[in-house]
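Notes follow once the structure below has been shown.
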Amino acid sequence: MHRPPKHVCLAITTLGAFIASPWSASQPLRGVEYSGSLGTAPPAVASPEVVTVIASDPAGPETSPVEFPEPERDPGRHLASVEELLAGAPLEVTALTLASGESLYGNFATGMRASHELGWVPDDDLAVTALERFADLLPNVRQIAGAPMPSEVLSLTVDDIVRLTLENSSTLRQQSYSPRIQAHEIPRQRGNIFDTEVSFSATAGETDGATAGNDDFVSERRTYAFEAGLSQRLATGALLDLTASLSRSSSNSTTDVLNPSYPSDAVLTITQPLLRGFGPTVTRAPIVSAALGADASLLNFKESVIETVANAMNTYWDLFFAIQQAQVRLISLEQARLVYNNNRIRLRVGDMTRAEVLQASSTVAQREGDYFAALRSIQDTEDALWLQIDRSGLASRWETAIVPVSPPILEPMNLSEDQLLALAYALRPDLRAAQLQREQAEISRRVAANSLLPQLDVFGTIGFAGLGGTVNNSYDRLGTFDFERWVVGVRASYPLQNRAARHGLRQSELRLEQADTGLESLRLQIILDIRNTQRRLQNALDLLAAREAEVRARDLELRDEQRRYEVGLSTTEILLRFQNDQASARINRLSAVVDYIQALIELDRVTGRLLETHGVVIDLPETGTRL
């Protein structure tokens with residue numbers, strides 16, 4: 001017997017077993033646990049008697065003989081034995097029907113016993129087909145849907161998704177540049193304010209002029225000057241300037257005592273603001289604001305990481321749901337095929353109308369469409385997941401099938417609303433970033449308020465000069481401090497209207513009010529997010545319990561209706577409707593399970609603890625910060 005690739009077995013047996021395993025209604029939160037090895041099909045249980053039939057597609061030519069196990073119990077008064085039917089005409093059944101090893105009226109206990117031995121199906125489960133028996137003959141689902149065969153199977157856990165998203169997300173790589181860029185703003189602003197500035201200048205010039213009373217004599221003076229300076233801002237706002245200069249002056253005058261002469265000087269000037277621009281708060285404001293901006297940028301990046309990881313995890317569980325839904329659709333399709341094939345048989349023996357055969361045939365076509373749509377949903381969700389976890393893009397991995405292998409553990413949430421709010425206020429990166437932006441606005445307001453003050457500076461200058469016929473002599477006289485000079489003074493200015501400062505202050509006050517309003521709005525939004533998520537969790541929990549009860553009821557209804565149909569007390573239309581109800585109930589239960597898991601993800605997101613829950617630490621080397 002040909003066995004399909006691992007991807008098929010894993011998708012059909014491991015994940016498909018989840019469909020056929022209802023939880024206890026009294027313990028809806030105990031989780032789902034798998035027994036046995038993932039990707040391993042249950043052992044086939046052979047029937048002691050085997051009959052060879054000719055399997056032909058209802059719309060195509062006959063195929064090779066297929067072994068068909070004998071049913072284990074009497075099919076009922078309206079259905080003769082399989083051997084008697086085969087004596088009349090070929091039996092038109094599909095490979096999947098044969099894979100189940102049973103007819104509509106057969107006993108499904110064999111397949112269910114095999115499932116129960118692996119711990120997948122409790123004794124009272126009433127699934128209408130042994131899903132695990134399908135794995136051995138199920139054609140590859142991608143081939144059925146017209147998609148390429150997978151060349152590789154990638155089994156991923158939730159933690160794998162988190163890791164791959166962090167490693168390969170192009171969105172996160174692009175957003176990681178913002179905090180790295182902002183980190184360089186701090187030393188840039190520090191340099192703008194406190195970097196020592198060095199200056200140097202050199203000039204050369206010549207002056208020609210007439211001497212009074214002697215028009216024939218033209219005086220000539222040549223000058224070469226060199227000047228160097230240092231400038232340094234202090235934390236108080238004071239500015240220090242130190243300059244040193246040396247020049248050479250020569251002329252054709254006979255009256256100059258020193259020709260050439262070398263004057264030199266050294267001057268120290270300090271200017272200290274007393275009102276506008278005074279103090280470390282104003283002086284260091286750009287540096288502090290840049291540091292707050294860098295921290296806010298890191299927190300905004302962390303928020304983006306949380307959003308991206310949460311989206312990837314939700315897509316992972318969407319894929320889980322899509323695969324499970326496809327299995328439900330497959331079971332529903334096989335149920336319809338069994339009804340159709342049995343109706344064909346009963347039509348040949350005169351125990352069925354053509355209308356009921358056509359009705360079953362129409363239902364088969366409809367459920368095939370539902371099944372193929374479910375398969376396309378798997379592929380679409382796989383593509384969405386690849387875009388989030390594959391750095392090279394979808395094109396390089398489109399043939400790889402992703403199989404979720406993390407079981408849907410439904411963990412109860414035991415924290416109160418106050419505890420969740422405390423977590424959110426402590427961990428939410430967007431709240432902390434908003435608080436830092438509010439601090440930036442407050443710093444801007446203080447600087448703007450300072451700019452309203454008059455400009456009042458006190459300054460002082462002290463200098464020493466030297467003069468000589470040589471450079472050395474000039475410096476020697478400079479060192480004696482014989483030629484000193486000093487100046488002290490006060491300088492004041494104030495614009496009469498002062499409109500720029502007044503309106504700048506009002507703008508900063510409005511920005512501060514805006515930041516306060518934004519903070520209050522964000523706190524209210526956090527409360528709303530937590531309350532909504534708590535309600536979503538409780539609703540999913542209540543709905544899950546209801547869906548489990550509905551599945552059990554639908555299973556019982558379908559079993560009873562099958563028995564009624566066996567003895568001719570029901571119609572094809574009613575039986576097919578009960579099958580639809582059962583499939584809808586199972587899909588609804590799957591939806592409730594996934595919704596509860598995604599609500600837990602959302603709760604971790606709105607409290608800001610998603611990364612901590614999965615042990616993720618953000619480390620950007622250029623920022624020197626770990627989050």
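The way I read the labels, and the way they are meant: chains A, B, ... in the order of the structure tokens, residue 1 as the first residue of every chain, and ligand 1 as the first ligand shown, with later ones counted on from there.
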
Would you return as an MDAnalysis selection string the members of stretch 285-433 of chain A that DSSP assigns to alpha helix (DSSP H) on this structure's backbone? chainID A and resid 285:348 354:389 417:427 429:433

Assign secondary structure with DSSP using the backbone only, and return the residues of stretch 447-497 of chain A in strand (DSSP E) as a PyMOL selection string. chain A and resi 455-466+483-493

Atoms to include: N, CA, C and O atoms. Write the selected residues as a CSV table (one decimal), in the first residue's frame.
```
chain,number,residue,atom,x,y,z
A,455,GLN,N,17.6,89.3,27.9
A,455,GLN,CA,18.9,88.8,27.7
A,455,GLN,C,19.8,89.7,28.6
A,455,GLN,O,20.0,90.9,28.3
A,456,LEU,N,20.4,89.2,29.6
A,456,LEU,CA,21.2,89.9,30.5
A,456,LEU,C,22.5,89.1,30.8
A,456,LEU,O,22.4,88.0,31.4
A,457,ASP,N,23.6,89.6,30.3
A,457,ASP,CA,24.8,88.8,30.4
A,457,ASP,C,25.9,89.7,31.1
A,457,ASP,O,26.0,90.9,30.9
A,458,VAL,N,26.6,89.0,31.9
A,458,VAL,CA,27.8,89.6,32.5
A,458,VAL,C,29.0,89.0,31.8
A,458,VAL,O,29.1,87.8,31.6
A,459,PHE,N,30.0,89.9,31.5
A,459,PHE,CA,31.2,89.4,30.8
A,459,PHE,C,32.4,90.0,31.4
A,459,PHE,O,32.4,91.1,32.0
A,460,GLY,N,33.5,89.4,31.1
A,460,GLY,CA,34.8,89.9,31.6
A,460,GLY,C,35.9,89.4,30.6
A,460,GLY,O,35.8,88.3,30.1
A,461,THR,N,36.9,90.3,30.4
A,461,THR,CA,38.0,90.0,29.5
A,461,THR,C,39.3,90.4,30.2
A,461,THR,O,39.4,91.5,30.8
A,462,ILE,N,40.2,89.6,30.1
A,462,ILE,CA,41.6,89.8,30.6
A,462,ILE,C,42.6,89.4,29.5
A,462,ILE,O,42.4,88.3,28.9
A,463,GLY,N,43.5,90.3,29.3
A,463,GLY,CA,44.5,90.0,28.2
A,463,GLY,C,45.9,90.5,28.6
A,463,GLY,O,46.1,91.4,29.4
A,464,PHE,N,46.8,90.0,27.9
A,464,PHE,CA,48.2,90.3,28.1
A,464,PHE,C,48.8,90.5,26.7
A,464,PHE,O,48.6,89.7,25.8
A,465,ALA,N,49.7,91.5,26.5
A,465,ALA,CA,50.3,91.8,25.3
A,465,ALA,C,51.8,91.7,25.4
A,465,ALA,O,52.4,91.9,26.4
A,466,GLY,N,52.4,91.5,24.2
A,466,GLY,CA,53.9,91.5,24.1
A,466,GLY,C,54.3,92.2,22.8
A,466,GLY,O,53.6,92.2,21.9
A,483,PHE,N,52.1,94.2,30.0
A,483,PHE,CA,51.1,94.9,29.2
A,483,PHE,C,49.8,94.2,29.4
A,483,PHE,O,49.4,93.4,28.5
A,484,GLU,N,49.1,94.4,30.4
A,484,GLU,CA,47.9,93.7,30.7
A,484,GLU,C,46.7,94.7,30.4
A,484,GLU,O,46.9,95.9,30.5
A,485,ARG,N,45.6,94.1,30.2
A,485,ARG,CA,44.3,94.8,30.0
A,485,ARG,C,43.2,94.0,30.5
A,485,ARG,O,43.2,92.7,30.4
A,486,TRP,N,42.2,94.6,31.0
A,486,TRP,CA,41.0,93.9,31.5
A,486,TRP,C,39.8,94.7,31.3
A,486,TRP,O,39.8,96.0,31.3
A,487,VAL,N,38.7,94.0,31.1
A,487,VAL,CA,37.4,94.7,30.9
A,487,VAL,C,36.3,93.8,31.6
A,487,VAL,O,36.3,92.6,31.5
A,488,VAL,N,35.4,94.5,32.3
A,488,VAL,CA,34.2,93.8,32.9
A,488,VAL,C,33.0,94.6,32.5
A,488,VAL,O,33.1,95.9,32.3
A,489,GLY,N,31.8,94.0,32.3
A,489,GLY,CA,30.7,94.7,31.9
A,489,GLY,C,29.4,93.9,32.0
A,489,GLY,O,29.4,92.7,32.2
A,490,VAL,N,28.3,94.6,31.7
A,490,VAL,CA,27.0,94.0,31.6
A,490,VAL,C,26.4,94.4,30.3
A,490,VAL,O,26.5,95.5,29.9
A,491,ARG,N,25.7,93.4,29.7
A,491,ARG,CA,25.1,93.6,28.4
A,491,ARG,C,23.6,93.2,28.5
A,491,ARG,O,23.4,92.0,29.0
A,492,ALA,N,22.7,94.0,28.1
A,492,ALA,CA,21.3,93.6,28.2
A,492,ALA,C,20.6,93.9,26.9
A,492,ALA,O,20.9,94.9,26.2
A,493,SER,N,19.6,93.1,26.6
A,493,SER,CA,18.7,93.4,25.4
A,493,SER,C,17.4,92.7,25.7
A,493,SER,O,17.2,91.7,26.4
```

Which is closer to A:Leu156 than all the others in A:Phe194, A:Phe578, A:Tyr224, A:Trp317, using only C-alpha atoms?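 Closest residue, counting only C-alpha atoms: A:Trp317.
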
For the atom pair atom CA of A:Ala545 and atom CA of A:Asn580, what is the interatomic distance in Å to one decimal place?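 For atom CA of A:Ala545 relative to atom CA of A:Asn580, the distance reads 20.4 Å.
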
Determine, counting only C-alpha atoms, which protein, DNA and RNA residues have an atom within 12 Å of an atom of A:Gly205; residues of the same chain fewer than 3 positions away are not included. Present the result as a ChimeraX atom specification. /A:202,208,220-225,247-251

Which residues, written as a count of residues only, have at least one atom at most 12 Å from A:Leu292, with only C-alpha atoms counted and residues fewer than 2 positions away on the same chain left out? 29
